[in-house]
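Novice: Got final_39.cif for you, mmCIF, C-alpha atoms:
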data_protein
loop_
_atom_site.label_atom_id
_atom_site.label_comp_id
_atom_site.auth_asym_id
_atom_site.auth_seq_id
_atom_site.Cartn_x
_atom_site.Cartn_y
_atom_site.Cartn_z
CA MET A 15 62.94 58.57 71.69
CA THR A 16 65.03 56.63 74.12
CA LEU A 17 63.90 53.31 75.50
CA ASP A 18 66.22 53.57 78.47
CA ALA A 19 63.90 52.82 81.38
CA ARG A 20 66.23 54.67 83.77
CA ALA A 21 65.96 57.96 81.87
CA PRO A 22 63.89 60.73 83.50
CA ALA A 23 60.43 60.40 82.03
CA VAL A 24 57.03 62.03 81.91
CA SER A 25 54.17 59.75 82.81
CA ILE A 26 50.90 60.04 80.89
CA SER A 27 48.09 57.72 81.95
CA THR A 28 46.62 55.67 79.13
CA ASP A 29 43.20 57.18 80.03
CA ALA A 30 44.60 60.70 79.56
CA LEU A 31 46.23 59.73 76.26
CA LEU A 32 42.94 58.30 75.00
CA ASP A 33 41.13 61.48 76.03
CA HIS A 34 43.81 63.61 74.33
CA TRP A 35 43.21 61.71 71.08
CA GLN A 36 39.42 61.57 71.26
CA GLY A 37 39.29 65.22 72.38
CA HIS A 38 41.07 66.27 69.20
CA ARG A 39 38.82 63.97 67.19
CA ARG A 40 35.74 65.65 68.69
CA VAL A 41 36.99 69.02 67.41
CA THR A 42 37.68 67.56 63.96
CA ARG A 43 34.19 66.05 63.84
CA ARG A 44 32.75 69.52 64.45
CA VAL A 45 34.89 70.86 61.58
CA ILE A 46 33.39 68.22 59.24
CA GLU A 47 29.91 69.23 60.43
CA ALA A 48 30.66 72.93 59.87
CA PHE A 49 31.35 72.44 56.15
CA PRO A 50 28.42 72.95 53.81
CA GLU A 51 27.91 70.53 50.95
CA PRO A 52 29.24 70.25 48.32
CA ALA A 53 32.20 72.39 49.55
CA LEU A 54 33.24 69.64 51.98
CA ALA A 55 34.05 67.35 49.04
CA THR A 56 35.03 69.94 46.44
CA TYR A 57 36.39 73.18 47.94
CA SER A 58 40.13 73.70 47.56
CA ILE A 59 42.73 76.44 48.00
CA GLY A 60 46.08 76.40 46.19
CA GLY A 61 45.48 72.97 44.65
CA MET A 62 45.19 71.26 48.05
CA ARG A 63 42.77 68.42 48.73
CA PRO A 64 39.19 69.13 49.77
CA PHE A 65 38.58 68.64 53.49
CA ALA A 66 36.59 65.42 52.89
CA ALA A 67 39.75 63.81 51.46
CA MET A 68 41.80 64.96 54.45
CA ALA A 69 39.20 63.62 56.88
CA PHE A 70 39.08 60.34 54.97
CA GLU A 71 42.86 60.05 55.38
CA MET A 72 42.43 60.59 59.14
CA ILE A 73 39.78 57.86 59.31
CA SER A 74 41.99 55.52 57.33
CA MET A 75 45.05 56.08 59.57
CA THR A 76 42.95 55.87 62.73
CA SER A 77 41.20 52.67 61.79
CA ALA A 78 44.26 50.76 60.59
CA GLY A 79 46.35 52.43 63.29
CA ILE A 80 44.34 51.48 66.37
CA ARG A 81 44.09 47.91 65.02
CA GLY A 82 47.86 47.79 64.57
CA ILE A 83 48.54 49.14 68.04
CA ALA A 84 46.06 46.79 69.70
CA THR A 85 46.88 43.62 67.74
CA GLY A 86 50.30 44.13 66.11
CA ASP A 87 48.63 43.31 62.79
CA TRP A 88 49.19 46.04 60.20
CA SER A 89 48.32 43.89 57.20
CA GLY A 90 45.06 45.68 56.41
CA GLY A 91 46.98 48.62 54.94
CA LEU A 92 45.74 52.15 54.58
CA LEU A 93 42.33 52.61 53.00
CA HIS A 94 43.23 55.95 51.42
CA HIS A 95 46.31 54.35 49.81
CA SER A 96 44.18 51.58 48.29
CA GLY A 97 42.53 53.84 45.74
CA ALA A 98 39.33 54.08 47.82
CA GLU A 99 37.53 57.38 47.32
CA PRO A 100 36.34 59.63 50.16
CA PRO A 101 32.59 59.33 50.82
CA ALA A 102 30.45 61.55 48.61
CA THR A 103 28.28 62.94 51.41
CA ARG A 104 28.88 64.55 54.80
CA GLU A 105 26.48 62.06 56.36
CA GLU A 106 28.50 59.07 55.13
CA LEU A 107 31.78 60.71 56.18
CA LEU A 108 30.42 61.30 59.69
CA ARG A 109 29.20 57.69 59.80
CA LEU A 110 32.73 56.42 59.04
CA TRP A 111 34.13 58.93 61.54
CA ASP A 112 31.86 57.67 64.31
CA GLN A 113 32.71 54.10 63.40
CA SER A 114 36.43 54.76 63.92
CA THR A 115 35.66 56.60 67.19
CA ALA A 116 33.85 53.49 68.46
CA GLN A 117 36.69 51.28 67.22
CA ILE A 118 39.21 53.25 69.28
CA ASP A 119 37.04 53.11 72.40
CA GLU A 120 36.55 49.37 71.96
CA MET A 121 40.19 48.44 71.33
CA TRP A 122 41.93 50.87 73.68
CA PRO A 123 41.27 48.99 76.95
CA ARG A 124 42.95 45.88 75.46
CA ILE A 125 46.26 47.70 74.97
CA PRO A 126 48.72 47.10 77.82
CA ALA A 127 50.48 50.33 78.85
CA ALA A 128 53.88 48.77 78.02
CA ARG A 129 52.78 48.36 74.39
CA PHE A 130 53.09 52.14 73.91
CA ASN A 131 56.84 51.94 74.49
CA GLU A 132 57.42 49.10 72.03
CA ILE A 133 59.02 49.66 68.63
CA ASP A 134 56.88 48.55 65.69
CA LYS A 135 56.51 49.23 61.99
CA ALA A 136 53.21 51.03 61.39
CA PHE A 137 51.37 49.88 58.27
CA GLY A 138 54.47 47.77 57.57
CA VAL A 139 56.35 50.94 56.62
CA TYR A 140 56.92 53.54 59.36
CA GLU A 141 59.16 52.30 62.16
CA GLY A 142 58.97 53.97 65.53
CA VAL A 143 57.92 53.71 69.14
CA ILE A 144 54.16 53.20 69.38
CA TYR A 145 53.38 56.36 71.38
CA GLY A 146 55.39 58.35 68.81
CA LEU A 147 53.41 56.84 65.93
CA LEU A 148 50.17 57.74 67.71
CA LEU A 149 51.36 61.30 68.36
CA TYR A 150 52.22 61.51 64.65
CA TRP A 151 48.67 60.60 63.64
CA ILE A 152 47.24 63.14 66.09
CA ASP A 153 49.66 65.82 64.84
CA ASN A 154 48.72 64.99 61.24
CA GLU A 155 45.06 65.44 62.14
CA ILE A 156 45.71 68.81 63.83
CA HIS A 157 47.77 69.91 60.81
CA HIS A 158 45.06 69.14 58.25
CA ARG A 159 42.27 70.34 60.51
CA GLY A 160 44.06 73.70 60.73
CA GLN A 161 43.91 73.76 56.94
CA GLY A 162 40.18 73.06 57.15
CA TYR A 163 39.86 76.15 59.36
CA VAL A 164 41.27 78.28 56.52
CA TYR A 165 38.86 76.71 54.04
CA LEU A 166 35.95 77.48 56.40
CA ARG A 167 37.06 81.07 57.04
CA SER A 168 37.49 81.69 53.34
CA LEU A 169 33.93 80.35 52.86
CA GLY A 170 32.75 82.90 55.43
CA ILE A 171 32.09 80.25 58.10
CA GLU A 172 33.27 80.52 61.72
CA PRO A 173 35.14 77.30 62.63
CA PRO A 174 34.57 75.55 66.00
CA ALA A 175 36.79 76.69 68.89
CA PHE A 176 40.23 75.04 68.76
CA TYR A 177 40.53 74.92 72.53
CA ASP A 178 37.20 73.22 73.21
CA ARG A 179 37.86 69.48 73.25
CA SER A 180 34.56 68.55 74.88
CA MET B 12 44.34 63.70 82.99
CA THR B 13 44.53 61.64 86.11
CA LEU B 14 47.26 62.11 88.65
CA ASP B 15 46.73 58.65 90.10
CA ALA B 16 50.28 57.25 90.11
CA ARG B 17 48.92 53.67 90.10
CA ALA B 18 47.05 54.14 86.81
CA PRO B 19 48.52 52.41 83.73
CA ALA B 20 50.71 55.00 82.06
CA VAL B 21 52.81 55.68 79.01
CA SER B 22 56.34 56.77 79.75
CA ILE B 23 57.94 59.46 77.58
CA SER B 24 61.52 60.39 78.42
CA THR B 25 62.06 64.10 78.96
CA ASP B 26 64.69 63.96 76.18
CA ALA B 27 62.13 62.55 73.74
CA LEU B 28 59.57 65.18 74.78
CA LEU B 29 62.11 67.95 74.20
CA ASP B 30 62.94 66.51 70.78
CA HIS B 31 59.23 66.24 69.93
CA TRP B 32 58.81 69.95 70.70
CA GLN B 33 62.00 71.18 69.03
CA GLY B 34 61.35 68.90 66.03
CA HIS B 35 58.03 70.62 65.42
CA ARG B 36 59.68 73.99 65.96
CA ARG B 37 62.28 73.16 63.30
CA VAL B 38 59.49 72.55 60.78
CA THR B 39 57.78 75.82 61.75
CA ARG B 40 61.06 77.72 61.35
CA ARG B 41 61.27 76.40 57.78
CA VAL B 42 57.72 77.61 57.15
CA ILE B 43 58.71 81.13 58.29
CA GLU B 44 61.72 80.96 55.96
CA ALA B 45 59.55 79.78 53.05
CA PHE B 46 57.38 82.93 53.14
CA PRO B 47 58.43 85.77 50.87
CA GLU B 48 58.30 89.32 52.18
CA PRO B 49 56.06 91.20 52.60
CA ALA B 50 53.54 88.29 52.40
CA LEU B 51 54.84 86.89 55.71
CA ALA B 52 53.59 89.98 57.53
CA THR B 53 50.62 90.90 55.31
CA TYR B 54 49.12 87.90 53.48
CA SER B 55 45.75 86.72 54.77
CA ILE B 56 42.92 84.41 53.74
CA GLY B 57 39.37 84.79 55.07
CA GLY B 58 40.31 87.59 57.44
CA MET B 59 42.78 85.44 59.37
CA ARG B 60 46.04 86.78 60.78
CA PRO B 61 49.17 86.89 58.62
CA PHE B 62 51.63 84.09 59.41
CA ALA B 63 54.06 86.51 61.10
CA ALA B 64 51.40 87.24 63.74
CA MET B 65 50.79 83.51 64.28
CA ALA B 66 54.54 82.83 64.61
CA PHE B 67 54.85 85.75 67.03
CA GLU B 68 52.12 84.18 69.18
CA MET B 69 54.08 80.89 69.17
CA ILE B 70 57.25 82.71 70.27
CA SER B 71 55.34 84.50 72.99
CA MET B 72 53.77 81.29 74.37
CA THR B 73 57.04 79.40 74.10
CA SER B 74 59.12 82.02 75.82
CA ALA B 75 56.75 82.69 78.73
CA GLY B 76 55.80 79.00 78.79
CA ILE B 77 59.23 77.43 79.19
CA ARG B 78 60.04 79.99 81.87
CA GLY B 79 56.83 79.13 83.72
CA ILE B 80 57.48 75.40 83.52
CA ALA B 81 61.10 75.73 84.64
CA THR B 82 60.60 78.31 87.39
CA GLY B 83 56.89 78.32 88.31
CA ASP B 84 56.93 82.05 87.63
CA TRP B 85 54.27 83.07 85.08
CA SER B 86 54.30 86.75 85.99
CA GLY B 87 55.89 87.89 82.72
CA GLY B 88 52.62 87.37 80.89
CA LEU B 89 52.20 86.82 77.18
CA LEU B 90 54.03 89.21 74.87
CA HIS B 91 51.37 88.97 72.15
CA HIS B 92 48.67 89.89 74.72
CA SER B 93 50.65 92.96 75.81
CA GLY B 94 49.94 94.88 72.61
CA ALA B 95 53.43 94.14 71.24
CA GLU B 96 53.47 93.98 67.46
CA PRO B 97 54.99 91.10 65.47
CA PRO B 98 58.41 91.98 64.03
CA ALA B 99 58.28 93.79 60.69
CA THR B 100 60.89 91.63 58.96
CA ARG B 101 61.48 87.92 58.47
CA GLU B 102 65.03 88.34 59.73
CA GLU B 103 63.86 89.80 63.05
CA LEU B 104 61.16 87.13 63.42
CA LEU B 105 63.75 84.39 62.88
CA ARG B 106 66.04 86.06 65.40
CA LEU B 107 63.30 85.96 68.06
CA TRP B 108 62.48 82.38 67.03
CA ASP B 109 66.08 81.27 67.51
CA GLN B 110 66.22 83.09 70.82
CA SER B 111 63.24 81.08 72.12
CA THR B 112 64.79 77.86 70.77
CA ALA B 113 67.95 78.57 72.78
CA GLN B 114 65.85 79.48 75.82
CA ILE B 115 64.12 76.07 75.72
CA ASP B 116 67.42 74.21 75.36
CA GLU B 117 68.92 76.16 78.23
CA MET B 118 66.01 75.79 80.67
CA TRP B 119 64.89 72.23 79.86
CA PRO B 120 67.65 70.37 81.74
CA ARG B 121 66.69 72.22 84.94
CA ILE B 122 63.15 70.79 84.89
CA PRO B 123 62.76 67.70 87.09
CA ALA B 124 60.70 64.98 85.35
CA ALA B 125 58.11 65.09 88.18
CA ARG B 126 57.39 68.75 87.35
CA PHE B 127 55.58 67.64 84.17
CA ASN B 128 52.92 65.91 86.25
CA GLU B 129 52.27 68.89 88.53
CA ILE B 130 49.16 71.02 88.23
CA ASP B 131 49.86 74.69 87.61
CA LYS B 132 48.12 77.77 86.19
CA ALA B 133 49.86 78.75 82.96
CA PHE B 134 50.25 82.51 82.51
CA GLY B 135 48.16 82.82 85.67
CA VAL B 136 45.07 81.79 83.70
CA TYR B 137 45.01 78.26 82.23
CA GLU B 138 45.00 75.54 84.86
CA GLY B 139 46.19 72.07 83.94
CA VAL B 140 48.86 69.44 84.31
CA ILE B 141 52.18 70.75 82.98
CA TYR B 142 52.66 68.12 80.25
CA GLY B 143 49.12 68.88 79.05
CA LEU B 144 49.84 72.61 78.88
CA LEU B 145 52.99 71.89 76.86
CA LEU B 146 51.10 69.59 74.50
CA TYR B 147 48.54 72.38 74.06
CA TRP B 148 51.24 74.84 72.96
CA ILE B 149 52.67 72.29 70.53
CA ASP B 150 49.19 71.51 69.17
CA ASN B 151 48.49 75.23 68.80
CA GLU B 152 51.72 75.58 66.81
CA ILE B 153 50.83 72.63 64.52
CA HIS B 154 47.33 74.10 64.03
CA HIS B 155 48.55 77.52 62.94
CA ARG B 156 51.47 76.12 60.97
CA GLY B 157 48.94 74.05 58.98
CA GLN B 158 47.21 77.33 58.20
CA GLY B 159 50.56 78.72 57.04
CA TYR B 160 50.79 75.79 54.61
CA VAL B 161 47.54 76.92 52.97
CA TYR B 162 48.85 80.48 52.71
CA LEU B 163 52.05 79.21 51.07
CA ARG B 164 50.20 76.91 48.63
CA SER B 165 47.85 79.71 47.64
CA LEU B 166 50.94 81.88 46.99
CA GLY B 167 52.24 79.11 44.69
CA ILE B 168 54.98 78.07 47.14
CA GLU B 169 55.68 74.45 48.12
CA PRO B 170 55.76 74.20 51.94
CA PRO B 171 58.45 72.16 53.75
CA ALA B 172 57.67 68.48 54.38
CA PHE B 173 55.41 68.00 57.41
CA TYR B 174 57.03 64.69 58.33
CA ASP B 175 60.63 65.94 58.31
CA ARG B 176 61.44 67.08 61.84
CA SER B 177 65.21 67.16 61.33
#
As structure tokens, please, write out the structure in this file.

Specialist:
Amino acid sequence: MTLDARAPAVSISTDALLDHWQGHRRVTRRVIEAFPEPALATYSIGGMRPFAAMAFEMISMTSAGIRGIATGDWSGGLLHHSGAEPPATREELLRLWDQSTAQIDEMWPRIPAARFNEIDKAFGVYEGVIYGLLLYWIDNEIHHRGQGYVYLRSLGIEPPAFYDRS
Amino acid sequence: MTLDARAPAVSISTDALLDHWQGHRRVTRRVIEAFPEPALATYSIGGMRPFAAMAFEMISMTSAGIRGIATGDWSGGLLHHSGAEPPATREELLRLWDQSTAQIDEMWPRIPAARFNEIDKAFGVYEGVIYGLLLYWIDNEIHHRGQGYVYLRSLGIEPPAFYDRS
């Protein structure tokens, strides 16, 4: 991740990057919706966390993450590292999900494009270039969402289409 | 995915983008290695494909994909759509994997940075901006690799660390 401004580089508009993130989040929201209750909060394979706990981690990283990118303030910490429990119901999980979606949409326009190439320490711990930190959170979401697909299939439920980001 | 060159944009060096891709591929290679035989080619949950078939799809997309990006020639088509079967052994799968890794490293330096912002039709079918097509292949790999993690856990095997891209 070079910061050399003379290096050949790919240009991704901040609008496209936002849509890339929110597009993935739309798919993940449909995965949450596809889970029946109580499986969302209880179903596990191989000792892994239920999907509600994975989704709660995504909400936690997203919420503290977008705030840190937009303001440089990472002091809030990660909700899922604070001992907070995932919501007990799908309805409450979706409410938190939609809240973090709105938070991204609200804060994103305040972020100058140059901010994405700054080095910062996410959550006071993970040092890296901002766009790389954001890609990490998106990758982490895709990773765990893929696990949710296996949970759904093993419950006999067809997951939403991976390629449909609408 | 706007092509408006005046829009605020994030700049990702082509070196960093290559490392992002190959870093994920290093993790996936370790997942292939972590599977015992014959589970790699046979183990399934919920009717999903064994991990060997998923990895073969990644190799197929990677190999035809990097060629298409570098040359604009997508005529080779996708190996896994041609009726070709995934390799029967882990050793052969890793050999193909390493072959596609070398192919990327060889072709990447020939790709001008501006190519990543061109619109093209991947494999003659999927139209989009080149960097978006590449991100899609990476996301697809993360998605299926996450599924491989569930397979491994349910087989009682600890998967490699998600965050270690070395």

Novice: Could you jot down the CA of Ala81 (chain B) to CA of Arg179 (chain A) separation for me, Å, one decimal place?

Specialist: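 CA of Arg179 (chain A) lies 26.6 Å from CA of Ala81 (chain B).
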
Novice: Residues of chain B were defined as contacting chain A if any atom lay at most 9 Å from it, counting all atoms listed in the file; please report them as number ranges by chain.

Specialist: B: 12-16, 18-28, 30-31, 56-59, 123-128, 142-143, 147, 150-151, 153-167, 173-174

Novice: Taking 4 positions as the minimum chain separation for residues in the same chain, which residues sit within 9 Å of His92 (chain B) when counting only C-alpha atoms? Answer as a ChimeraX atom specification.

Specialist: /B:68,71,88

Novice: Expand the PyMOL selection byres ((chain B and resi 44) around 12) into the explicit residue set it covers here, and present it as number ranges by chain.

Specialist: B: 37-43, 45-48, 50-51, 62-63, 66, 100-106, 108, 159, 163, 168-171

Novice: Suppose you want the space between CA of Gly37 (chain A) and CA of Tyr57 (chain A); what is it in Å?

Specialist: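 Computing the Euclidean distance for CA of Gly37 (chain A) and CA of Tyr57 (chain A) yields 25.9 Å.
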
Novice: Got a sec to resolve the PyMOL selection byres ((chain B and resi 97) around 6) on this structure and send the residues as a PyMOL selection string?

Specialist: chain B and resi 64+67+96+98

Novice: Report the distance between CA of Trp88 (chain A) and CA of Trp35 (chain A) in Å, rounded to one decimal place.

Specialist: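 Rounded to one decimal, the two atoms are 20.0 Å apart.
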
Novice: Can you tell me which residues surround Leu147 (chain A) at a distance of at most 10 Å, considering all atoms listed in the file, apart from same-chain residues fewer than 5 positions away, and format the answer as number ranges by chain?

Specialist: A: 79, 83, 130, 133-136, 140-142, 152-153

Novice: Report, as lines of an AutoDock Vina configuration file, the axis-aligned box around all atoms of region 50-60 of chain B present in the file, extended by 3 Å on each side; give centre and edge lengths in Å to one decimal place.

Specialist:
center_x = 47.1
center_y = 87.7
center_z = 56.6
size_x = 21.5
size_y = 12.5
size_z = 14.4

Novice: Between A:Leu92, A:Ala175, A:Ile73, A:Leu110, single out the one closest to Phe137 (chain A), counting only C-alpha atoms.

Specialist: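 Residue with the minimum atom-to-atom distance to Phe137 (chain A): A:Leu92.
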